[in-house]
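Student: Have a peek at protein_22.cif (mmCIF, C-alpha atoms and all ligand atoms).
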data_final
#
loop_
_atom_site.label_atom_id
_atom_site.label_comp_id
_atom_site.auth_asym_id
_atom_site.auth_seq_id
_atom_site.Cartn_x
_atom_site.Cartn_y
_atom_site.Cartn_z
CA MET A 1 252.46 -116.87 94.69
CA THR A 2 251.54 -120.43 93.64
CA GLU A 3 252.19 -122.31 90.41
CA SER A 4 249.27 -122.47 88.00
CA SER A 5 248.41 -125.50 85.90
CA ALA A 6 246.43 -123.52 83.37
CA PRO A 7 245.54 -125.30 80.08
CA VAL A 8 247.52 -123.37 77.46
CA PRO A 9 245.75 -122.57 74.16
CA THR A 10 248.52 -123.77 71.86
CA ALA A 11 246.48 -123.60 68.65
CA GLY A 12 243.36 -121.85 67.46
CA VAL A 13 242.54 -118.17 67.66
CA ALA A 14 242.81 -117.96 71.46
CA MET A 15 246.57 -118.45 71.19
CA THR A 16 246.89 -115.08 69.45
CA ALA A 17 246.27 -113.49 72.86
CA ILE A 18 249.58 -114.96 74.04
CA GLY A 19 251.29 -113.20 71.13
CA VAL A 20 249.98 -109.83 72.34
CA ALA A 21 251.11 -110.68 75.89
CA LEU A 22 254.61 -111.29 74.46
CA ILE A 23 254.45 -107.82 72.92
CA ARG A 24 253.39 -106.27 76.24
CA VAL A 25 256.28 -108.02 78.02
CA ARG A 26 258.71 -106.52 75.53
CA GLU A 27 257.23 -103.04 76.03
CA THR A 28 257.29 -103.44 79.82
CA HIS A 29 261.04 -104.12 79.70
CA ARG A 30 261.85 -100.92 77.81
CA PRO A 31 263.29 -98.05 79.84
CA ASP A 32 261.11 -95.68 77.77
CA ARG A 33 258.04 -97.92 78.10
CA LEU A 34 254.63 -96.55 77.15
CA TYR A 35 252.90 -98.73 79.75
CA GLU A 36 253.75 -101.40 82.27
CA ASP A 37 252.01 -104.78 82.38
CA PRO A 38 253.68 -107.03 84.98
CA LEU A 39 251.04 -109.75 84.65
CA ALA A 40 251.90 -110.24 80.97
CA GLU A 41 255.15 -111.88 82.14
CA ALA A 42 253.17 -114.43 84.21
CA PHE A 43 250.96 -115.33 81.22
CA VAL A 44 253.97 -115.76 78.96
CA ALA A 45 255.82 -117.90 81.51
CA ALA A 46 252.74 -120.12 81.98
CA ALA A 47 252.18 -120.38 78.22
CA ARG A 48 255.79 -121.27 77.40
CA ALA A 49 255.39 -124.73 78.97
CA GLY A 50 252.71 -125.63 76.43
CA PHE A 51 254.87 -125.08 73.33
CA ASP A 52 257.80 -126.97 71.90
CA ASP A 53 260.94 -124.94 71.16
CA ASP A 54 260.28 -124.66 67.43
CA ARG A 55 256.70 -123.38 67.74
CA TRP A 56 257.70 -121.01 70.51
CA ALA A 57 260.56 -119.58 68.41
CA ARG A 58 258.13 -119.02 65.51
CA PHE A 59 255.71 -117.35 67.90
CA GLU A 60 258.37 -115.01 69.33
CA ALA A 61 259.57 -114.09 65.84
CA LEU A 62 256.03 -113.17 64.86
CA ALA A 63 255.48 -111.11 68.01
CA ASP A 64 258.63 -109.17 67.05
CA GLN A 65 257.25 -108.48 63.59
CA PHE A 66 253.98 -107.13 64.96
CA TYR A 67 255.53 -105.39 67.98
CA GLU A 68 255.83 -101.81 66.84
CA GLY A 69 252.25 -101.12 65.74
CA ARG A 70 250.59 -103.49 68.18
CA SER A 71 252.29 -102.04 71.22
CA LEU A 72 251.31 -98.49 70.24
CA ALA A 73 247.75 -99.75 69.81
CA VAL A 74 247.76 -101.04 73.42
CA LYS A 75 248.75 -97.58 74.65
CA LEU A 76 246.06 -95.95 72.51
CA VAL A 77 243.36 -98.17 74.01
CA ASP A 78 244.73 -97.51 77.54
CA ASP A 79 244.34 -93.79 76.92
CA HIS A 80 240.90 -94.11 75.33
CA ILE A 81 239.60 -96.07 78.31
CA GLN A 82 241.04 -93.58 80.78
CA GLU A 83 239.55 -90.68 78.81
CA ALA A 84 236.16 -92.43 78.82
CA THR A 85 236.19 -93.02 82.58
CA ALA A 86 237.45 -89.46 83.21
CA ALA A 87 234.43 -88.28 81.22
CA GLY A 88 232.14 -90.28 83.51
CA SER A 89 231.75 -93.63 81.70
CA ARG A 90 231.45 -96.44 84.25
CA GLN A 91 230.92 -99.40 81.92
CA ILE A 92 233.69 -100.79 79.70
CA VAL A 93 233.40 -103.87 77.44
CA LEU A 94 236.45 -105.42 75.85
CA LEU A 95 235.44 -107.62 72.93
CA GLY A 96 238.05 -110.38 72.53
CA ALA A 97 239.79 -109.26 75.74
CA GLY A 98 242.49 -111.90 75.51
CA LEU A 99 245.12 -111.63 78.26
CA ASP A 100 244.44 -107.96 78.80
CA THR A 101 245.00 -106.73 82.37
CA ARG A 102 243.64 -103.19 82.28
CA ALA A 103 241.17 -104.01 85.06
CA PHE A 104 244.28 -104.56 87.23
CA ARG A 105 246.83 -102.08 85.94
CA LEU A 106 244.93 -98.92 84.95
CA GLY A 107 243.87 -96.73 87.84
CA LEU A 108 240.18 -97.01 86.97
CA PRO A 109 237.51 -95.67 89.34
CA ALA A 110 236.39 -98.38 91.77
CA GLY A 111 232.78 -98.06 90.56
CA THR A 112 233.70 -99.08 87.01
CA ALA A 113 232.17 -102.31 85.65
CA PHE A 114 234.78 -103.82 83.37
CA PHE A 115 233.54 -106.67 81.15
CA GLU A 116 235.94 -108.98 79.35
CA VAL A 117 234.39 -111.06 76.55
CA ASP A 118 236.42 -113.89 75.06
CA LEU A 119 236.25 -117.61 74.29
CA PRO A 120 235.93 -120.13 77.14
CA GLU A 121 239.33 -121.68 76.30
CA LEU A 122 240.99 -118.30 76.75
CA PHE A 123 239.58 -117.83 80.25
CA ALA A 124 240.39 -121.47 81.12
CA PHE A 125 244.01 -120.37 80.77
CA LYS A 126 243.78 -116.78 82.01
CA GLU A 127 241.87 -117.19 85.27
CA PRO A 128 244.16 -119.78 86.93
CA VAL A 129 247.22 -117.67 86.07
CA LEU A 130 245.61 -114.59 87.64
CA SER A 131 244.68 -116.63 90.72
CA ALA A 132 248.21 -118.00 91.05
CA GLN A 133 249.48 -114.40 90.95
CA GLN A 134 246.86 -113.41 93.54
CA ALA A 135 245.98 -110.56 91.17
CA ARG A 136 243.24 -108.23 92.40
CA PRO A 137 241.31 -105.99 89.99
CA VAL A 138 240.94 -102.32 90.92
CA CYS A 139 237.32 -102.28 89.76
CA ALA A 140 234.42 -104.69 89.19
CA ARG A 141 235.89 -107.08 86.61
CA ARG A 142 233.34 -109.40 84.96
CA VAL A 143 234.38 -112.40 82.88
CA VAL A 144 232.09 -113.23 79.94
CA ALA A 145 233.22 -116.55 78.48
CA ALA A 146 231.32 -116.56 75.19
CA ASP A 147 231.78 -116.85 71.45
CA LEU A 148 231.12 -113.57 69.65
CA CYS A 149 229.57 -115.66 66.89
CA GLY A 150 226.91 -116.88 69.35
CA ASP A 151 224.54 -115.31 71.89
CA TRP A 152 227.20 -113.36 73.77
CA ALA A 153 224.81 -110.48 74.54
CA GLN A 154 222.79 -112.69 76.90
CA ALA A 155 226.01 -113.83 78.58
CA LEU A 156 226.97 -110.15 79.00
CA LEU A 157 223.58 -109.28 80.51
CA ASP A 158 223.87 -112.29 82.82
CA GLN A 159 227.08 -110.77 84.19
CA GLY A 160 225.30 -107.54 85.10
CA PHE A 161 225.78 -105.41 81.97
CA ARG A 162 223.37 -102.41 81.97
CA PRO A 163 222.08 -101.38 78.50
CA ASP A 164 220.73 -98.16 80.03
CA LEU A 165 224.23 -96.86 80.88
CA PRO A 166 226.69 -95.34 78.40
CA THR A 167 229.36 -97.91 77.60
CA ARG A 168 232.83 -97.72 76.12
CA TRP A 169 233.30 -100.65 73.74
CA VAL A 170 236.73 -101.81 72.63
CA ASP A 171 237.61 -103.94 69.63
CA GLU A 172 241.32 -104.57 70.02
CA GLY A 173 242.09 -107.11 67.36
CA VAL A 174 239.09 -109.44 67.52
CA LEU A 175 236.62 -108.41 64.82
CA GLY A 176 239.27 -109.05 62.19
CA TYR A 177 239.13 -112.72 63.20
CA LEU A 178 235.42 -112.93 62.37
CA SER A 179 233.75 -113.36 59.00
CA ARG A 180 232.18 -110.19 57.61
CA ASP A 181 228.69 -111.48 58.47
CA ASP A 182 229.64 -112.30 62.04
CA ALA A 183 231.48 -108.99 62.50
CA TYR A 184 228.38 -107.03 61.43
CA LYS A 185 226.18 -109.17 63.70
CA VAL A 186 228.46 -108.08 66.55
CA ALA A 187 228.13 -104.43 65.43
CA ALA A 188 224.32 -104.81 65.37
CA THR A 189 224.29 -106.33 68.86
CA VAL A 190 226.53 -103.56 70.19
CA THR A 191 224.12 -101.05 68.64
CA ASP A 192 221.09 -102.74 70.24
CA VAL A 193 222.50 -102.61 73.76
CA SER A 194 224.27 -99.22 73.64
CA ALA A 195 222.72 -96.29 75.50
CA PRO A 196 223.11 -92.79 74.02
CA GLY A 197 226.62 -91.47 74.64
CA SER A 198 228.23 -94.92 74.32
CA GLY A 199 231.47 -95.01 72.34
CA PHE A 200 233.05 -97.66 70.13
CA GLY A 201 236.58 -97.41 68.73
CA ILE A 202 236.95 -99.39 65.51
CA GLY A 203 240.31 -99.87 63.86
CA ARG A 204 240.53 -99.30 60.12
CA PHE A 205 243.52 -101.25 58.82
CA HIS A 206 244.47 -102.77 55.51
CA THR A 207 245.39 -106.30 56.50
CA GLU A 208 247.38 -107.76 53.66
CA ASN A 209 246.47 -111.44 53.95
CA ALA A 210 249.22 -112.30 51.47
CA GLU A 211 251.88 -110.47 53.52
CA PRO A 212 254.38 -113.04 54.92
CA ARG A 213 253.79 -112.17 58.59
CA TYR A 214 250.00 -112.64 58.26
CA ARG A 215 250.53 -115.91 56.41
CA ALA A 216 252.96 -117.08 59.10
CA LEU A 217 250.43 -116.13 61.80
CA ARG A 218 247.65 -118.07 60.07
CA ASP A 219 249.92 -121.11 59.70
CA LEU A 220 250.97 -121.03 63.34
CA VAL A 221 247.44 -120.60 64.67
CA SER A 222 245.95 -123.40 62.57
CA ASP A 223 248.80 -125.89 63.20
CA GLY A 224 247.37 -128.95 64.88
CA GLY A 225 244.15 -127.08 65.71
CA PRO A 226 240.73 -126.67 64.17
CA GLY A 227 240.69 -125.28 60.65
CA ALA A 228 240.72 -121.51 60.48
CA ARG A 229 237.35 -119.83 59.93
CA PRO A 230 237.07 -117.30 57.11
CA VAL A 231 238.08 -113.91 58.46
CA ASN A 232 237.77 -110.36 57.17
CA GLY A 233 236.04 -108.34 59.88
CA LEU A 234 234.04 -105.19 59.26
CA GLY A 235 236.09 -104.16 56.24
CA PRO A 236 236.18 -100.71 54.63
CA ASP A 237 232.46 -99.89 55.08
CA ALA A 238 232.43 -99.84 58.89
CA GLU A 239 232.23 -96.07 59.19
CA SER A 240 229.26 -95.74 56.86
CA TRP A 241 227.53 -98.67 58.54
CA PHE A 242 227.78 -97.06 61.98
CA ALA A 243 226.80 -93.64 60.60
CA GLY A 244 223.69 -95.28 59.11
CA HIS A 245 222.77 -97.07 62.36
CA GLY A 246 222.46 -94.20 64.83
CA TRP A 247 226.12 -93.47 65.57
CA ARG A 248 228.01 -90.22 64.97
CA THR A 249 231.43 -91.08 63.57
CA THR A 250 234.80 -89.39 63.30
CA PHE A 251 237.97 -90.77 61.78
CA ARG A 252 241.52 -90.12 62.91
CA ALA A 253 244.56 -91.25 60.95
CA TRP A 254 246.98 -93.61 62.68
CA ASP A 255 249.95 -91.26 62.32
CA ASP A 256 248.04 -88.46 64.08
CA LEU A 257 246.83 -90.79 66.82
CA VAL A 258 250.31 -92.05 67.70
CA ALA A 259 252.25 -88.81 67.17
CA PRO A 260 252.05 -87.85 70.90
CA TYR A 261 253.93 -91.04 71.87
CA GLY A 262 257.09 -89.98 70.05
CA ARG A 263 257.89 -93.32 68.46
CA VAL A 264 259.25 -92.91 64.98
CA GLY A 265 257.51 -95.32 62.66
CA PRO A 266 257.55 -95.97 58.95
CA GLY A 267 254.54 -93.67 58.36
CA SER A 268 251.17 -95.06 57.38
CA ASP A 269 248.67 -94.73 54.65
CA PRO A 270 246.42 -91.79 55.70
CA GLY A 271 243.39 -94.08 55.30
CA VAL A 272 244.60 -96.27 58.17
CA GLY A 273 243.47 -95.28 61.66
CA GLU A 274 240.48 -95.41 63.97
CA VAL A 275 236.81 -94.66 63.56
CA LEU A 276 235.27 -93.44 66.81
CA ALA A 277 231.53 -94.00 66.84
CA ILE A 278 229.34 -92.26 69.45
CA ARG A 279 225.78 -93.54 69.93
CA GLU A 280 223.20 -90.80 69.42
C1 LIG B 301 244.78 -110.93 68.77
S1 LIG B 301 243.98 -111.44 70.23
C2 LIG B 301 243.76 -109.86 71.02
C3 LIG B 301 243.55 -109.99 72.48
C4 LIG B 301 243.45 -108.67 73.24
N1 LIG B 301 242.40 -107.81 72.74
C5 LIG B 301 244.77 -107.95 73.23
O1 LIG B 301 244.90 -106.98 72.48
O2 LIG B 301 245.67 -108.37 73.96
C6 LIG B 301 242.35 -111.84 69.63
C7 LIG B 301 241.43 -112.34 70.74
O3 LIG B 301 240.14 -112.51 70.18
C8 LIG B 301 239.57 -113.67 70.76
N2 LIG B 301 238.54 -114.20 69.85
C9 LIG B 301 238.70 -114.58 68.55
N3 LIG B 301 237.54 -115.02 68.05
C10 LIG B 301 236.62 -114.88 69.03
C11 LIG B 301 235.23 -115.16 69.13
N4 LIG B 301 234.57 -115.70 68.10
N5 LIG B 301 234.60 -114.91 70.28
C12 LIG B 301 235.26 -114.37 71.35
N6 LIG B 301 236.57 -114.07 71.31
C13 LIG B 301 237.25 -114.33 70.19
C14 LIG B 301 240.73 -114.62 70.90
O4 LIG B 301 240.45 -115.66 71.83
C15 LIG B 301 241.83 -113.67 71.35
O5 LIG B 301 241.89 -113.56 72.74
#
Could you render the structure as structure tokens?
Tutor:
Amino acid sequence: MTESSAPVPTAGVAMTAIGVALIRVRETHRPDRLYEDPLAEAFVAAARAGFDDDRWARFEALADQFYEGRSLAVKLVDDHIQEATAAGSRQIVLLGAGLDTRAFRLGLPAGTAFFEVDLPELFAFKEPVLSAQQARPVCARRVVAADLCGDWAQALLDQGFRPDLPTRWVDEGVLGYLSRDDAYKVAATVTDVSAPGSGFGIGRFHTENAEPRYRALRDLVSDGGPGARPVNGLGPDAESWFAGHGWRTTFRAWDDLVAPYGRVGPGSDPGVGEVLAIRE
């Protein structure tokens, strides 16, 4: 294993991926872990060097505050992807993939094409760390370094994406960082390039922007970096939008989704959960 000199995203939205890696490290260390992500440790170790002690302490404190729900959400997406591939899906696209390592750690069929879409600055950090770890994906991993507010569909096609095959799409915490307009442009693009039978899991959460942990996250991310863009994602009308654009939708409440994992949580609003959209 060699040292990496990866440029750490220490501000801006790409740094939020490091926060989720911190959460996956914490889960990995639990004796009753829901999943194991050894590469998360390498990302966190490489990222630590880019932060001063104060910013890193703020970052760790925030990861603790988001840990419970966020870690369960990782497990949910793991299971959804495995269900999709067990049902025959051979094309997965992670929108805002961050430091995700499912192409390495889930036992996906070798013939699976696994696309990771995220900003160029994220991959400028991620790829050298993976190389230093000599990490080898178990399937055909394709890196799509593109802004979801730009022409990312062409970048996806350039990497070999096939619009004629059913695809499993994953939004795991990225659309909420886009403006409503941009988030619906992404939904429209996904619709355009999705073959019948494609699936898209869309989180429905009430993000309280005034809640202290969200305010602290915004402050940390914008410190010393470019000004934060307006964010609000798809919002409460996502399900009706998909239903009106050729998708069949079902909603499952968060508490029902996570019940099988046996983690006792505070209990959620029954309106919080996931919309699963299937392309007709
Ligand atoms: C909270 S992180 C989640 C990362 C990953 N899905 C996970 O759960 O570990 C949000 C990710 O969205 C990416 N992102 C935010 N805005 C983006 C955009 N306009 N285009 C592409 N990626 C974006 C960030 O770089 C970051 O990796």
Student: Name the residues within 10 Å of (234.4, -109.3, 61.9), counting only C-alpha atoms in the file's coordinates, and put them as an NGL selection string.
Tutor: :A and (148-149 or 171 or 173-187 or 230-235)
Student: If you measure from CA of Asp255 (chain A) to CA of Val190 (chain A), what distance in Å do you get, rounded to one decimal?
Tutor: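 Separation of CA of Asp255 (chain A) and CA of Val190 (chain A): 27.6 Å.
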Student: One decimal, Å: what's the distance from CA of Phe125 (chain A) over to atom O1 of ligand LIG 301 (chain B), could you say?
Tutor: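 According to the coordinates, CA of Phe125 (chain A) and atom O1 of ligand LIG 301 (chain B) are separated by 15.8 Å.
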Student: Would you please work out which residue, of A:Phe161, A:Ala21, A:Glu127, A:Arg168, is nearest to Gln82 (chain A) when using all atoms listed in the file?
Tutor: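 With all atoms listed in the file as the atom set, the closest residue is A:Arg168.
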Student: Could you tell me which of A:Phe205, A:Phe200, A:Tyr261, A:Phe66 comes closest to ligand LIG 301 (chain B) if we count only C-alpha atoms and all ligand atoms?
Tutor: A:Phe66
Student: Please find the residues contacting ligand LIG 301 (chain B) at a distance of at most 6 Å between atoms, with all atoms listed in the file counted, and report them as a PyMOL selection string.
Tutor: chain A and resi 13-14+16-17+20+96-100+118-119+122+146-149+172-174+177
Student: Using C-alpha atoms, can you export the residues from the last selection as a PDB file, keeping the file's coordinate frame?
Tutor:
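New file selection.pdb:
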ATOM      1  CA  VAL A  13     242.540-118.170  67.660  1.00  0.00           C
ATOM      2  CA  ALA A  14     242.810-117.960  71.460  1.00  0.00           C
ATOM      3  CA  THR A  16     246.890-115.080  69.450  1.00  0.00           C
ATOM      4  CA  ALA A  17     246.270-113.490  72.860  1.00  0.00           C
ATOM      5  CA  VAL A  20     249.980-109.830  72.340  1.00  0.00           C
ATOM      6  CA  GLY A  96     238.050-110.380  72.530  1.00  0.00           C
ATOM      7  CA  ALA A  97     239.790-109.260  75.740  1.00  0.00           C
ATOM      8  CA  GLY A  98     242.490-111.900  75.510  1.00  0.00           C
ATOM      9  CA  LEU A  99     245.120-111.630  78.260  1.00  0.00           C
ATOM     10  CA  ASP A 100     244.440-107.960  78.800  1.00  0.00           C
ATOM     11  CA  ASP A 118     236.420-113.890  75.060  1.00  0.00           C
ATOM     12  CA  LEU A 119     236.250-117.610  74.290  1.00  0.00           C
ATOM     13  CA  LEU A 122     240.990-118.300  76.750  1.00  0.00           C
ATOM     14  CA  ALA A 146     231.320-116.560  75.190  1.00  0.00           C
ATOM     15  CA  ASP A 147     231.780-116.850  71.450  1.00  0.00           C
ATOM     16  CA  LEU A 148     231.120-113.570  69.650  1.00  0.00           C
ATOM     17  CA  CYS A 149     229.570-115.660  66.890  1.00  0.00           C
ATOM     18  CA  GLU A 172     241.320-104.570  70.020  1.00  0.00           C
ATOM     19  CA  GLY A 173     242.090-107.110  67.360  1.00  0.00           C
ATOM     20  CA  VAL A 174     239.090-109.440  67.520  1.00  0.00           C
ATOM     21  CA  TYR A 177     239.130-112.720  63.200  1.00  0.00           C
TER      22      TYR A 177
END
Student: May I ask which of the residues A:Arg252, A:Ala132, A:Gly201, A:Asp219 is the closest one to Ala277 (chain A), counting all atoms listed in the file?
Tutor: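 Selected residue with least distance to Ala277 (chain A): A:Gly201.
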